[in-house]
>>> print(open('input36.csv').read())   # CSV, C-alpha atoms
chain,number,residue,atom,x,y,z
A,159,VAL,CA,28.7,9.9,17.9
A,160,ARG,CA,25.6,12.1,17.7
A,161,ASP,CA,23.5,11.8,14.6
A,162,VAL,CA,23.3,14.7,12.2
A,163,GLU,CA,19.9,16.3,12.3
A,164,VAL,CA,18.1,18.5,9.8
A,165,ARG,CA,18.5,21.3,12.4
A,166,ASP,CA,22.2,21.1,11.9
A,167,LEU,CA,21.7,21.8,8.2
A,168,LEU,CA,19.5,24.7,9.0
A,169,GLU,CA,22.2,26.1,11.3
A,170,LEU,CA,24.8,25.7,8.6
A,171,THR,CA,22.6,27.6,6.2
A,172,ALA,CA,21.5,30.3,8.7
A,173,LEU,CA,25.0,31.1,10.0
A,174,GLU,CA,26.3,31.8,6.5
A,175,VAL,CA,29.2,29.4,7.0
A,176,ASP,CA,31.7,29.7,4.2
A,177,ASN,CA,30.9,26.9,1.7
A,178,PRO,CA,28.5,24.8,3.9
A,179,HIS,CA,28.7,21.8,1.6
A,180,ASP,CA,32.5,21.6,2.3
A,181,LYS,CA,31.8,21.8,6.0
A,182,LEU,CA,29.2,19.1,5.8
A,183,THR,CA,31.7,16.9,3.9
A,184,GLN,CA,34.3,17.5,6.7
A,185,LEU,CA,31.7,16.6,9.3
A,186,TYR,CA,30.9,13.3,7.6
A,187,LEU,CA,34.6,12.5,7.2
A,188,TRP,CA,35.1,13.1,10.9
A,189,MET,CA,32.1,10.9,11.7
A,190,TYR,CA,33.4,8.2,9.4
A,191,ASP,CA,36.8,8.2,11.1
A,192,TYR,CA,35.2,8.2,14.5
A,193,SER,CA,32.8,5.4,13.8
A,194,MET,CA,35.5,3.3,12.0
A,195,THR,CA,37.9,3.7,14.9
A,196,GLY,CA,35.2,2.6,17.3
A,197,ALA,CA,34.2,-0.4,15.3
A,198,LYS,CA,37.8,-1.5,14.8
A,199,ALA,CA,38.6,-1.0,18.5
A,200,LEU,CA,35.5,-3.1,19.6
A,201,THR,CA,36.4,-5.9,17.2
A,202,ALA,CA,40.0,-5.9,18.3
A,203,PHE,CA,39.0,-5.9,22.0
A,204,GLY,CA,36.7,-8.9,21.4
A,205,GLY,CA,39.4,-10.7,19.4
A,206,THR,CA,42.0,-10.0,22.2
A,207,LEU,CA,39.6,-11.4,24.8
A,208,LEU,CA,38.9,-14.5,22.7
A,209,ALA,CA,42.6,-15.2,22.0
A,210,SER,CA,43.6,-14.6,25.6
A,211,LEU,CA,40.9,-16.9,26.9
A,212,ALA,CA,41.7,-19.6,24.4
A,213,ILE,CA,45.4,-19.5,25.3
A,214,ALA,CA,44.6,-19.5,29.1
A,215,VAL,CA,42.3,-22.5,28.7
A,216,ILE,CA,44.8,-24.5,26.6
A,217,THR,CA,47.7,-23.9,29.0
A,218,SER,CA,45.8,-24.4,32.2
A,219,HIS,CA,43.4,-27.1,31.0
A,220,ARG,CA,40.7,-25.6,33.1
A,221,VAL,CA,37.2,-26.0,31.5
A,222,GLY,CA,33.9,-25.0,33.0
A,223,TRP,CA,30.6,-23.5,32.1
A,224,TYR,CA,32.1,-20.0,32.6
A,225,VAL,CA,34.6,-20.7,29.8
A,226,GLY,CA,31.7,-21.2,27.4
A,227,ALA,CA,30.1,-17.9,28.7
A,228,GLY,CA,33.5,-16.2,28.2
A,229,PHE,CA,33.8,-17.4,24.6
A,230,LEU,CA,30.2,-16.4,23.9
A,231,GLY,CA,30.8,-12.9,25.4
A,232,SER,CA,33.9,-12.5,23.2
A,233,ALA,CA,32.0,-13.6,20.2
A,234,ILE,CA,29.2,-11.1,20.9
A,235,THR,CA,31.8,-8.3,21.3
A,236,ILE,CA,33.4,-9.2,18.0
A,237,GLY,CA,30.0,-9.5,16.4
A,238,VAL,CA,28.9,-6.1,17.5
A,239,GLY,CA,32.1,-4.6,16.3
A,240,VAL,CA,31.7,-6.2,12.9
A,241,LEU,CA,28.0,-5.1,12.8
A,242,ARG,CA,29.1,-1.5,13.5
A,243,TYR,CA,31.8,-1.8,10.8
A,244,VAL,CA,29.2,-3.0,8.3
A,245,ARG,CA,26.8,-0.3,9.2
A,246,ILE,CA,29.4,2.4,8.5
A,247,ARG,CA,28.6,1.7,4.8
A,248,ARG,CA,25.3,3.5,5.4
A,249,LEU,CA,27.1,6.7,6.1
A,250,SER,CA,27.6,7.2,2.3
A,251,ARG,CA,23.9,7.3,1.8
A,252,GLN,CA,23.5,9.7,4.7
A,253,PHE,CA,26.2,11.8,3.2
A,254,MET,CA,24.5,12.1,-0.1
A,255,ASP,CA,21.0,12.8,1.3
A,256,ALA,CA,22.4,15.4,3.8
A,257,HIS,CA,23.9,17.3,0.8
A,258,TYR,CA,20.6,17.1,-1.0
A,259,LEU,CA,18.6,18.4,2.0
A,260,LEU,CA,21.2,21.1,2.5
A,261,SER,CA,20.6,22.2,-1.1
A,262,GLU,CA,16.9,22.3,-0.5
A,263,ILE,CA,17.2,24.3,2.7
A,264,GLU,CA,19.6,26.8,1.0
A,265,ARG,CA,16.7,27.7,-1.3
A,266,VAL,CA,15.0,29.4,1.7
A,267,ARG,CA,18.2,30.8,3.3
A,268,PRO,CA,16.8,34.3,3.8
A,269,PHE,CA,13.8,33.0,5.7
A,270,VAL,CA,15.9,30.7,7.8
A,271,GLN,CA,18.3,33.5,8.7
A,272,LEU,CA,15.6,36.0,9.6
A,273,TYR,CA,13.7,33.3,11.6
A,274,ARG,CA,16.9,32.5,13.5
A,275,ALA,CA,17.4,36.2,14.2
A,276,GLY,CA,14.0,36.3,15.8
A,277,ARG,CA,12.3,38.4,13.3
A,278,PRO,CA,8.8,36.9,12.8
B,295,VAL,CA,47.7,-16.7,39.3
B,296,THR,CA,47.0,-19.1,36.5
B,297,ASP,CA,44.3,-20.8,38.6
B,298,TYR,CA,42.3,-17.6,38.5
B,299,LEU,CA,43.3,-16.4,35.0
B,300,VAL,CA,40.7,-18.5,33.1
B,301,PRO,CA,37.7,-17.5,35.4
B,302,VAL,CA,38.8,-13.9,35.4
B,303,LEU,CA,39.2,-13.8,31.6
B,304,ALA,CA,35.9,-15.6,31.2
B,305,ALA,CA,34.1,-13.2,33.5
B,306,GLY,CA,35.6,-10.2,31.7
B,307,ALA,CA,34.7,-11.5,28.3
B,308,SER,CA,31.1,-12.4,29.5
B,309,LEU,CA,30.7,-8.9,30.9
B,310,ALA,CA,32.1,-7.2,27.8
B,311,GLY,CA,29.7,-9.2,25.6
B,312,ALA,CA,26.7,-8.4,27.9
B,313,VAL,CA,27.6,-4.7,27.9
B,314,THR,CA,28.1,-4.3,24.2
B,315,ALA,CA,25.0,-6.3,23.4
B,316,SER,CA,22.9,-4.2,25.8
B,317,VAL,CA,24.3,-0.9,24.5
B,318,GLN,CA,23.7,-2.0,20.9
B,319,ALA,CA,20.1,-3.0,21.7
B,320,ALA,CA,19.4,0.2,23.6
B,321,LEU,CA,20.8,2.3,20.7
B,322,GLY,CA,18.6,0.4,18.2
B,323,ALA,CA,15.5,0.8,20.4
B,324,ARG,CA,16.3,4.5,20.8
B,325,GLN,CA,16.7,4.9,17.0
B,326,ALA,CA,13.4,3.2,16.3
B,327,LYS,CA,11.6,5.3,19.0
B,328,ALA,CA,13.0,8.5,17.5
B,329,ALA,CA,11.8,7.4,14.0
B,330,ARG,CA,8.3,6.8,15.3
B,331,GLU,CA,8.3,10.2,17.0
B,332,GLU,CA,9.5,11.9,13.8
B,333,VAL,CA,6.7,10.3,11.8
B,334,ARG,CA,4.2,11.4,14.4
B,335,ARG,CA,5.5,15.0,14.5
B,336,LEU,CA,5.4,15.4,10.7
B,337,SER,CA,1.7,14.6,10.3
B,338,GLU,CA,-0.1,15.9,7.2
B,339,GLU,CA,-2.7,17.6,9.3
B,340,LYS,CA,-0.1,19.7,11.1
B,341,GLU,CA,1.6,20.6,7.9
B,342,LEU,CA,-1.7,21.9,6.4
B,343,GLU,CA,-2.5,23.7,9.6
B,344,VAL,CA,0.9,25.5,9.7
B,345,LEU,CA,0.9,26.4,5.9
B,346,GLY,CA,-2.7,27.5,6.1
B,347,SER,CA,-2.2,29.8,9.1
B,348,SER,CA,-0.1,32.3,7.1
B,349,ASN,CA,1.9,32.8,10.3
B,350,LEU,CA,5.6,32.8,9.5
B,351,GLY,CA,6.6,32.4,13.2
B,352,ARG,CA,4.7,29.1,13.3
B,353,LEU,CA,6.2,28.1,9.9
B,354,GLY,CA,9.7,28.8,11.3
B,355,ARG,CA,9.0,26.7,14.4
B,356,TYR,CA,7.7,23.9,12.3
B,357,LEU,CA,10.8,24.0,10.1
B,358,TYR,CA,13.2,24.2,13.1
B,359,ASP,CA,11.5,22.1,15.7
B,360,ASP,CA,9.5,19.5,13.8
B,361,ILE,CA,11.4,19.0,10.5
B,362,GLY,CA,14.6,20.1,12.2
B,363,SER,CA,14.7,17.4,14.8
B,364,THR,CA,14.7,14.6,12.2
B,365,ARG,CA,17.9,12.5,12.2
B,366,ILE,CA,19.5,12.1,8.8
B,367,SER,CA,20.0,8.4,9.7
B,368,ASN,CA,16.3,7.9,10.1
B,369,TYR,CA,15.6,9.9,6.9
B,370,VAL,CA,17.8,7.4,5.0
B,371,GLU,CA,16.7,4.2,6.7
B,372,ASN,CA,13.0,4.7,7.4
B,373,GLU,CA,10.7,5.1,4.4
B,374,ASN,CA,8.0,6.8,6.4
B,375,VAL,CA,10.3,9.4,7.8
B,376,ARG,CA,11.8,10.0,4.4
B,377,ASP,CA,8.3,10.6,2.9
B,378,ARG,CA,7.2,12.9,5.6
B,379,VAL,CA,10.3,15.0,5.6
B,380,SER,CA,10.4,15.3,1.8
B,381,ARG,CA,6.7,16.3,1.7
B,382,ALA,CA,7.0,18.7,4.6
B,383,LEU,CA,10.2,20.4,3.4
B,384,ALA,CA,8.8,20.6,-0.2
B,385,GLY,CA,5.6,22.3,1.3
B,386,VAL,CA,7.7,24.8,3.2
B,387,VAL,CA,9.9,25.6,0.2
B,388,GLU,CA,6.9,26.0,-2.1
B,389,PHE,CA,5.2,28.2,0.4
B,390,LEU,CA,8.1,30.5,0.9
B,391,GLY,CA,9.0,30.9,-2.7
B,392,THR,CA,7.9,29.0,-5.8
B,393,GLU,CA,8.7,31.8,-8.2
B,394,GLU,CA,11.7,30.9,-10.3
B,395,ILE,CA,13.2,34.3,-9.9
B,396,GLN,CA,13.1,36.0,-6.5
B,397,ILE,CA,12.3,39.7,-7.1
B,398,ARG,CA,13.6,42.2,-4.7
B,399,PRO,CA,11.0,44.8,-3.6
B,400,GLU,CA,13.0,47.7,-5.2
B,401,ASP,CA,12.9,45.8,-8.5
B,402,ALA,CA,9.2,45.3,-8.5
B,403,GLN,CA,7.5,47.9,-10.5
B,404,ALA,CA,4.8,49.8,-8.7
B,405,PRO,CA,1.5,50.4,-10.5
B,406,SER,CA,1.1,53.9,-11.8
B,407,ASP,CA,-1.8,54.8,-9.5
B,408,ASP,CA,-1.1,56.8,-6.4
B,409,VAL,CA,-1.3,54.9,-3.2
B,410,GLY,CA,-1.9,56.2,0.3
B,411,GLU,CA,-5.4,57.6,0.8
B,412,PRO,CA,-7.4,54.3,0.1
B,413,VAL,CA,-5.0,52.5,2.5
B,414,ASP,CA,-5.5,55.2,5.2
B,415,GLU,CA,-9.3,54.8,4.8
B,416,ALA,CA,-9.1,51.0,5.0
B,417,ILE,CA,-6.9,51.4,8.2
B,418,ASP,CA,-9.5,53.7,9.7
B,419,GLY,CA,-12.2,51.1,8.7
B,420,LEU,CA,-10.3,48.4,10.6
B,421,ARG,CA,-11.1,50.1,13.9
B,422,GLU,CA,-14.8,49.6,13.2
B,423,VAL,CA,-14.5,45.9,12.5
B,424,PRO,CA,-13.6,43.6,15.4
B,425,PRO,CA,-10.7,41.2,14.5
B,426,PRO,CA,-12.9,38.0,14.4
B,427,GLU,CA,-15.2,39.6,11.8
B,428,GLN,CA,-12.4,41.0,9.6
B,429,SER,CA,-12.0,39.5,6.1
B,430,GLU,CA,-8.7,37.9,5.1
B,431,MET,CA,-7.5,41.1,3.4
B,432,GLN,CA,-8.5,43.3,6.4
B,433,ARG,CA,-6.5,40.9,8.6
B,434,ALA,CA,-3.6,41.1,6.2
B,435,LEU,CA,-3.7,45.0,6.3
B,436,SER,CA,-4.0,44.9,10.1
B,437,GLU,CA,-0.9,42.7,10.4
B,438,ILE,CA,1.1,44.8,7.9
B,439,THR,CA,0.2,48.1,9.6
B,440,PHE,CA,0.6,46.9,13.2
B,441,GLY,CA,4.1,45.4,13.0
B,442,GLU,CA,3.7,41.9,11.4
B,443,VAL,CA,4.6,42.8,7.8
B,444,TRP,CA,5.8,39.3,7.1
B,445,ASN,CA,2.7,37.6,8.3
B,446,GLY,CA,0.5,40.2,6.6
B,447,LEU,CA,2.2,39.6,3.2
B,448,ALA,CA,2.0,35.8,3.7
B,449,ARG,CA,-1.7,36.1,4.4
B,450,MET,CA,-2.3,38.4,1.5
B,451,ARG,CA,-0.5,36.1,-0.9
B,452,ARG,CA,-2.4,33.0,0.4
B,453,HIS,CA,-5.7,34.9,-0.2
B,454,LEU,CA,-4.6,35.9,-3.7
B,455,GLU,CA,-3.7,32.3,-4.5
B,456,VAL,CA,-7.1,31.0,-3.3
B,457,ARG,CA,-9.0,33.6,-5.4
B,458,LEU,CA,-6.8,33.2,-8.5
B,459,ARG,CA,-7.2,29.4,-8.4
B,460,ALA,CA,-11.0,29.8,-8.1
B,461,ALA,CA,-10.9,32.3,-11.0
B,462,VAL,CA,-8.8,29.9,-13.2
B,463,GLN,CA,-11.3,27.1,-12.5
B,464,GLU,CA,-14.3,29.3,-13.4
B,465,MET,CA,-13.0,31.4,-16.2
B,466,LEU,CA,-11.0,29.0,-18.3
B,467,PRO,CA,-12.8,26.6,-20.6
B,468,GLY,CA,-12.5,23.0,-19.6
B,469,ASP,CA,-10.0,22.0,-22.3
B,470,VAL,CA,-7.6,24.8,-21.5
B,471,PHE,CA,-8.0,24.1,-17.8
B,472,ALA,CA,-7.4,20.4,-18.3
B,473,ALA,CA,-4.1,21.2,-20.0
B,474,GLU,CA,-2.9,22.8,-16.9
B,475,LYS,CA,-2.7,19.5,-15.0
B,476,SER,CA,-0.4,20.8,-12.3
B,477,PHE,CA,-2.3,24.0,-11.6
B,478,ARG,CA,-2.7,23.2,-7.9
B,479,ALA,CA,1.1,23.3,-7.6
B,480,ARG,CA,1.2,26.6,-9.5
B,481,SER,CA,2.2,29.8,-7.8
B,482,ALA,CA,0.0,33.0,-7.7
B,483,GLY,CA,2.3,34.5,-10.3
B,484,SER,CA,1.8,31.6,-12.7
B,485,LEU,CA,-2.0,31.8,-12.3
B,486,VAL,CA,-2.0,35.5,-13.2
B,487,ARG,CA,0.1,34.7,-16.3
B,488,ILE,CA,-2.4,31.9,-17.3
B,489,LEU,CA,-5.3,34.2,-16.9
B,490,ARG,CA,-3.6,37.0,-18.9
B,491,GLN,CA,-2.5,34.7,-21.7
B,492,ALA,CA,-6.0,33.4,-22.0
B,493,GLY,CA,-7.2,37.0,-22.3
B,494,LYS,CA,-9.4,36.8,-19.1
B,495,ILE,CA,-7.8,39.8,-17.3
B,496,SER,CA,-6.7,43.2,-18.5
B,497,SER,CA,-3.1,44.4,-18.4
B,498,ASP,CA,-4.1,46.7,-15.6
B,499,THR,CA,-5.4,43.9,-13.5
B,500,GLU,CA,-2.3,41.9,-14.3
B,501,GLU,CA,0.0,44.8,-13.3
B,502,HIS,CA,-1.7,45.3,-10.0
B,503,LEU,CA,-1.8,41.6,-9.1
B,504,ARG,CA,1.8,41.0,-10.3
B,505,TYR,CA,3.1,43.9,-8.2
B,506,ALA,CA,1.3,42.6,-5.1
B,507,ILE,CA,2.6,39.1,-5.6
B,508,ASP,CA,6.1,40.2,-6.3
B,509,ILE,CA,6.3,42.3,-3.1
B,510,ALA,CA,4.6,39.4,-1.1
B,511,ASN,CA,7.1,36.9,-2.6
B,512,ALA,CA,10.0,39.0,-1.7
B,513,GLY,CA,8.8,39.6,1.8
B,514,VAL,CA,7.8,36.1,2.5
B,515,HIS,CA,11.1,34.8,1.1
B,516,GLY,CA,12.9,37.0,3.7
B,517,THR,CA,13.8,40.2,1.9
B,518,GLU,CA,13.3,43.4,3.8
B,519,VAL,CA,10.0,45.1,2.9
B,520,ASP,CA,9.0,48.3,4.6
B,521,VAL,CA,5.4,49.0,5.8
B,522,TYR,CA,4.7,51.6,3.1
B,523,GLN,CA,5.8,49.2,0.4
B,524,ALA,CA,3.7,46.4,1.9
B,525,GLN,CA,0.7,48.7,2.1
B,526,SER,CA,1.1,49.7,-1.5
B,527,ALA,CA,1.2,46.0,-2.4
B,528,TRP,CA,-1.9,45.4,-0.4
B,529,GLU,CA,-3.7,48.2,-2.2
B,530,ALA,CA,-2.6,46.9,-5.5
B,531,ALA,CA,-4.0,43.5,-4.5
B,532,VAL,CA,-7.3,45.0,-3.5
B,533,ARG,CA,-7.6,46.8,-6.9
B,534,GLY,CA,-6.4,43.7,-8.8
B,535,LEU,CA,-9.0,41.5,-7.0
B,536,ALA,CA,-11.8,44.1,-7.6
B,537,THR,CA,-11.2,44.0,-11.4
B,538,LEU,CA,-10.7,40.3,-11.3
B,539,GLU,CA,-14.1,40.0,-9.6
B,540,ASN,CA,-15.6,42.1,-12.5
B,541,SER,CA,-14.0,39.9,-15.1
B,542,TYR,CA,-15.1,36.8,-13.1
B,543,GLY,CA,-18.7,38.2,-13.2
B,544,ASP,CA,-18.5,38.8,-16.9
B,545,ALA,CA,-17.2,35.3,-17.5
B,546,THR,CA,-19.9,33.6,-15.5
B,547,ASP,CA,-22.8,35.8,-16.7
>>> encode(input="input36.csv", output="structure tokens")
Amino acid sequence: VRDVEVRDLLELTALEVDNPHDKLTQLYLWMYDYSMTGAKALTAFGGTLLASLAIAVITSHRVGWYVGAGFLGSAITIGVGVLRYVRIRRLSRQFMDAHYLLSEIERVRPFVQLYRAGRP
Amino acid sequence: VTDYLVPVLAAGASLAGAVTASVQAALGARQAKAAREEVRRLSEEKELEVLGSSNLGRLGRYLYDDIGSTRISNYVENENVRDRVSRALAGVVEFLGTEEIQIRPEDAQAPSDDVGEPVDEAIDGLREVPPPEQSEMQRALSEITFGEVWNGLARMRRHLEVRLRAAVQEMLPGDVFAAEKSFRARSAGSLVRILRQAGKISSDTEEHLRYAIDIANAGVHGTEVDVYQAQSAWEAAVRGLATLENSYGDATD
């Protein structure tokens, strides 16, 4: 998911969107859902690979270097999923700071609107 | 099938691990590179250059292209990016309007003197002075008259701020001046108020300067200001500065 940039906040201000702070909150809620779904899906995918590989190895009794690589790959996939899950906590700080920056930008709303309209 | 199940699953899991690790590493590297770019773009030199140019088009580009391309995630996670964006944005906000109350041009009270003829004379005079040799106020009038009202008002206000700061430094006794610790951050309007309260300028001078600053603030902040109104503000500024220079002379004699 694309990161929110300060330019997005300028656009929210310039376009006179109805209650931009609400819209920003909705955007972050959507980002939260999207990121959370991605992290969970990745973790579940890695877990499924790990479990399938373990069951296959136990039932077939086949062991080789590639089995170790498979377990390692599954573990990395799970690890990245968990890492993404943990990093989602940072969204709350981004959310707070984005609202602060939006408030600052709103102080110069007329300038932002006129600049965007190509006036200067 | 079971003979191939373990190798196939192992290969799939290895591939998945390699892909997710690579993607994650690439995203991390891209984020770090973007943060370095953002720090480079928001240099203090560039900020001073843009704010000192009195060109609102450049200020807008700086706001949209340089500050605007900063990712909120970098602003949160990178201390350097955070400092630069905070400083740059505060500089822009202060430049565009530090007055607590934004005054619309129609609310600003024009000085009682008639305006028009002195401005016409000054415009005629502009033709005799090539642009590189024009003073800041002549450039401001030129911009106001020839279609860049915004930039002209910004230049005029910048010039007033510089002159008023110099006047405050020279005219106020050391102890009064020392009390105004944050004077560098003060707006032109506040500087006029300080000088008036200290009895260093007359009410006429205050009226002229206040009118010019109010119109400039309104224009720079984005309110519609017509050419005539901007020219009358310019003339008020010239008159205010002339009497300020006299008071300045009296104070330093």
>>> closest_residue(input="input36.csv", among="A:Gln252, A:Val244, A:Arg267, A:Leu208", to="Phe229 of chain A", atoms="only C-alpha atoms")
A:Leu208
>>> atom_distance(input="input36.csv", atom1="atom CA of His502 of chain B", atom2="atom CA of Gly534 of chain B")
5.1 Å
>>> interface_residues(input="input36.csv", of="chain B", to="chain A", cutoff="7 Å", atoms="only C-alpha atoms", output="PyMOL selection string")
chain B and resi 296+299-301+303-305+307-312+314-315+350-351+354+358+361-367+370+387+444+515-517
>>> atom_distance(input="input36.csv", atom1="atom CA of Ser250 of chain A", atom2="atom CA of Arg324 of chain B")
21.8 Å
>>> residues_around(input="input36.csv", residues="Tyr243 of chain A", least_positions_apart="4", cutoff="8 Å", atoms="only C-alpha atoms", output="ChimeraX atom specification")
/A:193-194,197-198,239,247
>>> write_last_selection(input="input36.csv", atoms="C-alpha atoms", output="mmCIF file, in the frame of the given file")
data_model
loop_
_atom_site.group_PDB
_atom_site.id
_atom_site.type_symbol
_atom_site.label_atom_id
_atom_site.label_comp_id
_atom_site.auth_asym_id
_atom_site.auth_seq_id
_atom_site.Cartn_x
_atom_site.Cartn_y
_atom_site.Cartn_z
ATOM 1 C CA SER A 193 32.800 5.400 13.800
ATOM 2 C CA MET A 194 35.500 3.300 12.000
ATOM 3 C CA ALA A 197 34.200 -0.400 15.300
ATOM 4 C CA LYS A 198 37.800 -1.500 14.800
ATOM 5 C CA GLY A 239 32.100 -4.600 16.300
ATOM 6 C CA ARG A 247 28.600 1.700 4.800
#
>>> atom_distance(input="input36.csv", atom1="atom CA of Ala527 of chain B", atom2="atom CA of Ser541 of chain B")
20.7 Å
>>> residues_around(input="input36.csv", residues="segment 494-497 of chain B", least_positions_apart="6", cutoff="10 Å", atoms="all atoms listed in the file", output="NGL selection string")
:B and (461-462 or 465-466 or 486-488 or 503 or 534 or 537-542 or 544-545)
>>> build_atoms(input="input36.csv", residues="segment 202-221 of chain A", atoms="N, CA and C atoms", output="PDB file, in the frame of the given file")
ATOM      1  N   ALA A 202      38.688  -5.500  17.784  1.00  0.00           N
ATOM      2  CA  ALA A 202      40.000  -5.900  18.300  1.00  0.00           C
ATOM      3  C   ALA A 202      39.958  -6.297  19.754  1.00  0.00           C
ATOM      4  N   PHE A 203      39.151  -5.553  20.524  1.00  0.00           N
ATOM      5  CA  PHE A 203      39.000  -5.900  22.000  1.00  0.00           C
ATOM      6  C   PHE A 203      38.394  -7.271  22.130  1.00  0.00           C
ATOM      7  N   GLY A 204      37.336  -7.535  21.367  1.00  0.00           N
ATOM      8  CA  GLY A 204      36.700  -8.900  21.400  1.00  0.00           C
ATOM      9  C   GLY A 204      37.652  -9.956  20.996  1.00  0.00           C
ATOM     10  N   GLY A 205      38.421  -9.696  19.936  1.00  0.00           N
ATOM     11  CA  GLY A 205      39.400 -10.700  19.400  1.00  0.00           C
ATOM     12  C   GLY A 205      40.478 -10.958  20.461  1.00  0.00           C
ATOM     13  N   THR A 206      40.933  -9.891  21.127  1.00  0.00           N
ATOM     14  CA  THR A 206      42.000 -10.000  22.200  1.00  0.00           C
ATOM     15  C   THR A 206      41.463 -10.901  23.320  1.00  0.00           C
ATOM     16  N   LEU A 207      40.226 -10.622  23.749  1.00  0.00           N
ATOM     17  CA  LEU A 207      39.600 -11.400  24.800  1.00  0.00           C
ATOM     18  C   LEU A 207      39.521 -12.884  24.440  1.00  0.00           C
ATOM     19  N   LEU A 208      39.092 -13.106  23.217  1.00  0.00           N
ATOM     20  CA  LEU A 208      38.900 -14.500  22.700  1.00  0.00           C
ATOM     21  C   LEU A 208      40.229 -15.225  22.681  1.00  0.00           C
ATOM     22  N   ALA A 209      41.258 -14.555  22.134  1.00  0.00           N
ATOM     23  CA  ALA A 209      42.600 -15.200  22.000  1.00  0.00           C
ATOM     24  C   ALA A 209      43.171 -15.462  23.395  1.00  0.00           C
ATOM     25  N   SER A 210      43.068 -14.466  24.291  1.00  0.00           N
ATOM     26  CA  SER A 210      43.600 -14.600  25.600  1.00  0.00           C
ATOM     27  C   SER A 210      42.957 -15.782  26.373  1.00  0.00           C
ATOM     28  N   LEU A 211      41.623 -15.830  26.254  1.00  0.00           N
ATOM     29  CA  LEU A 211      40.900 -16.900  26.900  1.00  0.00           C
ATOM     30  C   LEU A 211      41.239 -18.256  26.364  1.00  0.00           C
ATOM     31  N   ALA A 212      41.386 -18.314  25.042  1.00  0.00           N
ATOM     32  CA  ALA A 212      41.700 -19.600  24.400  1.00  0.00           C
ATOM     33  C   ALA A 212      43.109 -20.071  24.869  1.00  0.00           C
ATOM     34  N   ILE A 213      44.074 -19.147  24.893  1.00  0.00           N
ATOM     35  CA  ILE A 213      45.400 -19.500  25.300  1.00  0.00           C
ATOM     36  C   ILE A 213      45.433 -19.956  26.790  1.00  0.00           C
ATOM     37  N   ALA A 214      44.700 -19.193  27.620  1.00  0.00           N
ATOM     38  CA  ALA A 214      44.600 -19.500  29.100  1.00  0.00           C
ATOM     39  C   ALA A 214      44.007 -20.900  29.266  1.00  0.00           C
ATOM     40  N   VAL A 215      42.971 -21.205  28.518  1.00  0.00           N
ATOM     41  CA  VAL A 215      42.300 -22.500  28.700  1.00  0.00           C
ATOM     42  C   VAL A 215      43.221 -23.638  28.209  1.00  0.00           C
ATOM     43  N   ILE A 216      43.932 -23.414  27.082  1.00  0.00           N
ATOM     44  CA  ILE A 216      44.800 -24.500  26.600  1.00  0.00           C
ATOM     45  C   ILE A 216      45.968 -24.729  27.526  1.00  0.00           C
ATOM     46  N   THR A 217      46.545 -23.655  28.073  1.00  0.00           N
ATOM     47  CA  THR A 217      47.700 -23.900  29.000  1.00  0.00           C
ATOM     48  C   THR A 217      47.312 -24.372  30.339  1.00  0.00           C
ATOM     49  N   SER A 218      46.165 -23.959  30.847  1.00  0.00           N
ATOM     50  CA  SER A 218      45.800 -24.400  32.200  1.00  0.00           C
ATOM     51  C   SER A 218      44.913 -25.624  32.237  1.00  0.00           C
ATOM     52  N   HIS A 219      44.361 -25.986  31.108  1.00  0.00           N
ATOM     53  CA  HIS A 219      43.400 -27.100  31.000  1.00  0.00           C
ATOM     54  C   HIS A 219      42.242 -27.011  31.900  1.00  0.00           C
ATOM     55  N   ARG A 220      41.882 -25.776  32.235  1.00  0.00           N
ATOM     56  CA  ARG A 220      40.700 -25.600  33.100  1.00  0.00           C
ATOM     57  C   ARG A 220      39.476 -25.365  32.166  1.00  0.00           C
ATOM     58  N   VAL A 221      38.465 -26.137  32.354  1.00  0.00           N
ATOM     59  CA  VAL A 221      37.200 -26.000  31.500  1.00  0.00           C
ATOM     60  C   VAL A 221      36.048 -25.999  32.474  1.00  0.00           C
TER      61      VAL A 221
END
